[in-house]
Amino acid sequence: MDLEERVQRLEAIEAIRRLKIAYARVADDGYDGDRISAFFTEDAVWDGGESFGVHRGRAAIKALFDGIPEQISFALHYMVGQTIDVDLAAGSATGHWYLWAPMTINNAATLGAITYDDEYRNVEGTWLASRMRVNIHFITPYEDGWVKTPMLPG
Amino acid sequence: MASLEDRVQLLEDIEAIRRLKIRYARLCDTGYDGGKLAALFTEDAVWDGGKEFGVQNGRGAIGAMFDDMSNDLTFALHYMIGHTIDVDPSGTSAKAHWYLWEPMTYQGRAILNAITYDDEHRKVDGEWLFSRMALTFHFLTPYEDGWVKTRMVTDG
């Protein structure tokens, strides 16, 4: 692989890492649907599984996030331990992340542990998320812990 | 497009600034040595802990603050996470944003601390330093309470 390609790969990894952190920061700043959906491709899928449902397309993703602050009044998304694999020729990439999220849900202190399986596409020079799969390990009331209550009801 | 040399320089600067923040964390977690911590800041640096922890102006004041910290703060782990680092085109200054998750023992009590940082950096004689570190406290709660019951232990 030539030097140009090696540098391009490192630049792509950094750009995708920043994209995920930007997503975290907008989420933590009140989940603005317009700002957060701009990190996704038009045809992106946000897949929250059985708990949070599957949301297809930028408009559906915007609507999802605009509705979140009704329940989640505070969150900090600690995005950790990324694995990012880039296919430069295809202009696509995959990412795996860990998330640690202290939150306030319905006015109760809550701890969330999630991993993500992401897919990304380079659209006119900008990396965007084309798929975000959210794997929930626990979302537990702070006072309970994940053995007693691994998943909040509802 | 920037030259290959400039593009590699940018990636190296980001990594050097990331390492600086982790070095800061490790020095905090191994006893808050004021002299070593102050050396990570420019002479005219500002450490801004807001209304909770005050503002320290200059390397001397910052070192003195850290030397006092280990009296009450007997244990801490600074998990520095999720950096966004923007290096100025000049290559001699930068801005950074970080998340911190910090379990600590303060005056014998288990405390959970959640902070975000807005940092500013300058490159001095080839070395990246902090010229400003501003802390935003999201919660600083006794472990037994959680952040809904007691958002800031300093309020109590």
# chains A, B, ... in the order shown; residues from 1 in each chain; ligands from 1
>>> closest_atom_pairs(of="chain B", to="chain A", cutoff="10 Å", atoms="only C-alpha atoms", output="tab-separated table")
residue	atom	partner	partner_atom	distance
B:Leu4	CA	A:Glu4	CA	7.2
B:Glu5	CA	A:Val7	CA	9.9
B:Arg7	CA	A:Val7	CA	7.6
B:Val8	CA	A:Val7	CA	6.9
B:Leu10	CA	A:Glu11	CA	9.5
B:Leu11	CA	A:Glu11	CA	7.6
B:Ile14	CA	A:Glu14	CA	9.5
B:Tyr79	CA	A:Tyr78	CA	9.6
B:Met80	CA	A:Tyr78	CA	9.3
B:Ile81	CA	A:Tyr78	CA	6.4
B:Gly82	CA	A:Met79	CA	5.8
B:His83	CA	A:Ile21	CA	7.4
B:Thr84	CA	A:Arg18	CA	6.3
B:Ile85	CA	A:Arg18	CA	8.8
B:His97	CA	A:Arg25	CA	9.8
B:Trp98	CA	A:Ile21	CA	9.6
B:Tyr99	CA	A:Tyr78	CA	6.9
B:Leu100	CA	A:Tyr78	CA	8.3
B:Trp101	CA	A:Tyr78	CA	8.0
B:Ala114	CA	A:Leu76	CA	8.3
B:Ile115	CA	A:Leu76	CA	9.4
B:Thr116	CA	A:Leu76	CA	9.4
B:His138	CA	A:Leu76	CA	8.6
B:Tyr143	CA	A:Tyr142	CA	9.8
B:Glu144	CA	A:Glu143	CA	8.2
B:Asp145	CA	A:Glu143	CA	8.4
B:Gly146	CA	A:Ala109	CA	6.3
B:Trp147	CA	A:Ala109	CA	6.3
B:Val148	CA	A:Ala109	CA	5.6
B:Lys149	CA	A:Ala109	CA	8.2
>>> write_last_selection(atoms="N, CA and C atoms", output="JSON list (two decimals), in the first residue's frame")
[["chain", "number", "residue", "atom", "x", "y", "z"],
["B", 4, "LEU", "N", 1.20, 15.91, 1.80],
["B", 4, "LEU", "CA", 1.24, 14.69, 2.61],
["B", 4, "LEU", "C", 1.94, 14.96, 3.94],
["B", 5, "GLU", "N", 3.02, 15.73, 3.89],
["B", 5, "GLU", "CA", 3.75, 16.10, 5.11],
["B", 5, "GLU", "C", 2.83, 16.82, 6.11],
["B", 7, "ARG", "N", -0.44, 16.69, 6.23],
["B", 7, "ARG", "CA", -1.52, 15.80, 6.69],
["B", 7, "ARG", "C", -1.03, 14.87, 7.79],
["B", 8, "VAL", "N", 0.19, 14.37, 7.64],
["B", 8, "VAL", "CA", 0.77, 13.52, 8.68],
["B", 8, "VAL", "C", 1.03, 14.35, 9.94],
["B", 10, "LEU", "N", -0.65, 16.86, 11.02],
["B", 10, "LEU", "CA", -1.93, 17.06, 11.71],
["B", 10, "LEU", "C", -2.29, 15.83, 12.55],
["B", 11, "LEU", "N", -2.14, 14.65, 11.96],
["B", 11, "LEU", "CA", -2.44, 13.42, 12.71],
["B", 11, "LEU", "C", -1.50, 13.27, 13.90],
["B", 14, "ILE", "N", -2.62, 15.74, 16.68],
["B", 14, "ILE", "CA", -3.80, 15.23, 17.40],
["B", 14, "ILE", "C", -3.38, 14.17, 18.41],
["B", 79, "TYR", "N", -10.96, 8.77, 33.73],
["B", 79, "TYR", "CA", -11.21, 8.14, 32.43],
["B", 79, "TYR", "C", -11.47, 9.25, 31.42],
["B", 80, "MET", "N", -10.45, 9.59, 30.64],
["B", 80, "MET", "CA", -10.56, 10.64, 29.63],
["B", 80, "MET", "C", -11.04, 10.01, 28.32],
["B", 81, "ILE", "N", -12.16, 10.49, 27.83],
["B", 81, "ILE", "CA", -12.89, 9.78, 26.78],
["B", 81, "ILE", "C", -13.41, 10.75, 25.73],
["B", 82, "GLY", "N", -13.49, 10.27, 24.50],
["B", 82, "GLY", "CA", -14.27, 10.95, 23.47],
["B", 82, "GLY", "C", -13.76, 12.32, 23.10],
["B", 83, "HIS", "N", -12.48, 12.39, 22.73],
["B", 83, "HIS", "CA", -11.90, 13.69, 22.40],
["B", 83, "HIS", "C", -12.29, 14.16, 21.01],
["B", 84, "THR", "N", -12.44, 15.49, 20.92],
["B", 84, "THR", "CA", -12.57, 16.18, 19.63],
["B", 84, "THR", "C", -11.45, 17.21, 19.63],
["B", 85, "ILE", "N", -10.48, 17.06, 18.76],
["B", 85, "ILE", "CA", -9.32, 17.96, 18.75],
["B", 85, "ILE", "C", -9.25, 18.67, 17.41],
["B", 97, "HIS", "N", -12.09, 19.11, 23.11],
["B", 97, "HIS", "CA", -13.22, 18.81, 23.99],
["B", 97, "HIS", "C", -13.10, 17.35, 24.43],
["B", 98, "TRP", "N", -13.32, 17.13, 25.72],
["B", 98, "TRP", "CA", -13.20, 15.77, 26.29],
["B", 98, "TRP", "C", -14.35, 15.50, 27.24],
["B", 99, "TYR", "N", -14.64, 14.22, 27.37],
["B", 99, "TYR", "CA", -15.50, 13.73, 28.44],
["B", 99, "TYR", "C", -14.62, 13.11, 29.53],
["B", 100, "LEU", "N", -15.00, 13.31, 30.78],
["B", 100, "LEU", "CA", -14.32, 12.65, 31.90],
["B", 100, "LEU", "C", -15.34, 11.90, 32.75],
["B", 101, "TRP", "N", -15.04, 10.64, 33.04],
["B", 101, "TRP", "CA", -15.78, 9.83, 34.01],
["B", 101, "TRP", "C", -14.80, 9.54, 35.14],
["B", 114, "ALA", "N", -18.76, 13.55, 36.86],
["B", 114, "ALA", "CA", -18.93, 13.58, 35.40],
["B", 114, "ALA", "C", -18.67, 15.00, 34.92],
["B", 115, "ILE", "N", -17.65, 15.14, 34.08],
["B", 115, "ILE", "CA", -17.17, 16.45, 33.64],
["B", 115, "ILE", "C", -17.00, 16.42, 32.13],
["B", 116, "THR", "N", -17.20, 17.57, 31.49],
["B", 116, "THR", "CA", -16.63, 17.75, 30.15],
["B", 116, "THR", "C", -15.64, 18.92, 30.20],
["B", 138, "HIS", "N", -21.12, 18.13, 35.27],
["B", 138, "HIS", "CA", -22.48, 17.63, 35.00],
["B", 138, "HIS", "C", -23.07, 17.04, 36.27],
["B", 143, "TYR", "N", -21.64, 8.40, 45.82],
["B", 143, "TYR", "CA", -21.98, 7.14, 45.17],
["B", 143, "TYR", "C", -23.34, 6.62, 45.64],
["B", 144, "GLU", "N", -23.63, 6.78, 46.92],
["B", 144, "GLU", "CA", -24.87, 6.24, 47.49],
["B", 144, "GLU", "C", -26.09, 7.01, 46.99],
["B", 145, "ASP", "N", -25.90, 8.24, 46.54],
["B", 145, "ASP", "CA", -27.05, 9.08, 46.18],
["B", 145, "ASP", "C", -27.44, 8.96, 44.71],
["B", 146, "GLY", "N", -26.45, 9.10, 43.81],
["B", 146, "GLY", "CA", -26.77, 9.25, 42.39],
["B", 146, "GLY", "C", -27.11, 10.69, 42.06],
["B", 147, "TRP", "N", -27.09, 11.03, 40.76],
["B", 147, "TRP", "CA", -27.11, 12.42, 40.31],
["B", 147, "TRP", "C", -28.50, 13.05, 40.32],
["B", 148, "VAL", "N", -29.54, 12.25, 40.47],
["B", 148, "VAL", "CA", -30.87, 12.87, 40.57],
["B", 148, "VAL", "C", -31.10, 13.34, 42.00],
["B", 149, "LYS", "N", -30.73, 12.51, 42.95],
["B", 149, "LYS", "CA", -30.90, 12.88, 44.36],
["B", 149, "LYS", "C", -29.95, 14.02, 44.76]]
>>> residues_around(residues="range 120-122 of chain A", least_positions_apart="2", cutoff="10 Å", atoms="only C-alpha atoms", output="PDB file with C-alpha atoms, in the first residue's frame")
ATOM      1  CA  ALA A  12     -10.733   8.240   7.520  1.00  0.00           C
ATOM      2  CA  ILE A  16     -15.288   8.481  11.559  1.00  0.00           C
ATOM      3  CA  LEU A  19     -18.415  11.631  13.669  1.00  0.00           C
ATOM      4  CA  PHE A  39     -24.835  12.655  10.727  1.00  0.00           C
ATOM      5  CA  PHE A  40     -26.747   9.954   8.805  1.00  0.00           C
ATOM      6  CA  THR A  41     -27.153   9.169   5.111  1.00  0.00           C
ATOM      7  CA  ALA A  44     -29.704   5.278   6.965  1.00  0.00           C
ATOM      8  CA  ILE A  84     -12.992   1.068  12.747  1.00  0.00           C
ATOM      9  CA  ASP A  85     -12.385  -0.811   9.499  1.00  0.00           C
ATOM     10  CA  VAL A  86     -12.222   1.273   6.344  1.00  0.00           C
ATOM     11  CA  ASP A  87     -12.652   0.143   2.720  1.00  0.00           C
ATOM     12  CA  LEU A  88     -11.179   3.135   0.923  1.00  0.00           C
ATOM     13  CA  ALA A  90     -15.616   1.315  -1.731  1.00  0.00           C
ATOM     14  CA  GLY A  91     -15.892   4.528   0.307  1.00  0.00           C
ATOM     15  CA  SER A  92     -17.406   2.575   3.183  1.00  0.00           C
ATOM     16  CA  ALA A  93     -16.468   1.488   6.679  1.00  0.00           C
ATOM     17  CA  THR A  94     -17.696  -0.434   9.697  1.00  0.00           C
ATOM     18  CA  GLY A  95     -17.294   0.478  13.347  1.00  0.00           C
ATOM     19  CA  ASP A 118     -22.121   0.836  12.810  1.00  0.00           C
ATOM     20  CA  GLU A 124     -19.011  13.610  -1.288  1.00  0.00           C
ATOM     21  CA  GLY A 125     -16.024  13.657   1.033  1.00  0.00           C
ATOM     22  CA  THR A 126     -17.944  13.477   4.310  1.00  0.00           C
ATOM     23  CA  TRP A 127     -18.258  10.307   6.377  1.00  0.00           C
ATOM     24  CA  LEU A 128     -21.850   9.629   7.480  1.00  0.00           C
ATOM     25  CA  ALA A 129     -23.508   6.783   9.372  1.00  0.00           C
ATOM     26  CA  SER A 130     -25.525   4.547   7.078  1.00  0.00           C
ATOM     27  CA  ARG A 131     -26.495   2.070   9.791  1.00  0.00           C
ATOM     28  CA  MET A 132     -26.315   2.132  13.559  1.00  0.00           C
TER      29      MET A 132
END
>>> select_by_dssp(residues="chain A", states="strand (DSSP E or B)", output="ChimeraX atom specification")
/A:40-47,54-56,72-75,78-87,92-105,108-123,126-141,151
>>> closest_residue(among="B:Lys51, B:Asp67, B:Asp88, B:Met1", to="Thr154 in chain B", atoms="only C-alpha atoms")
B:Lys51
>>> select_by_dssp(residues="chain B", states="alpha helix (DSSP H)", output="ChimeraX atom specification")
/B:4-29,34-38,50-53,59-69
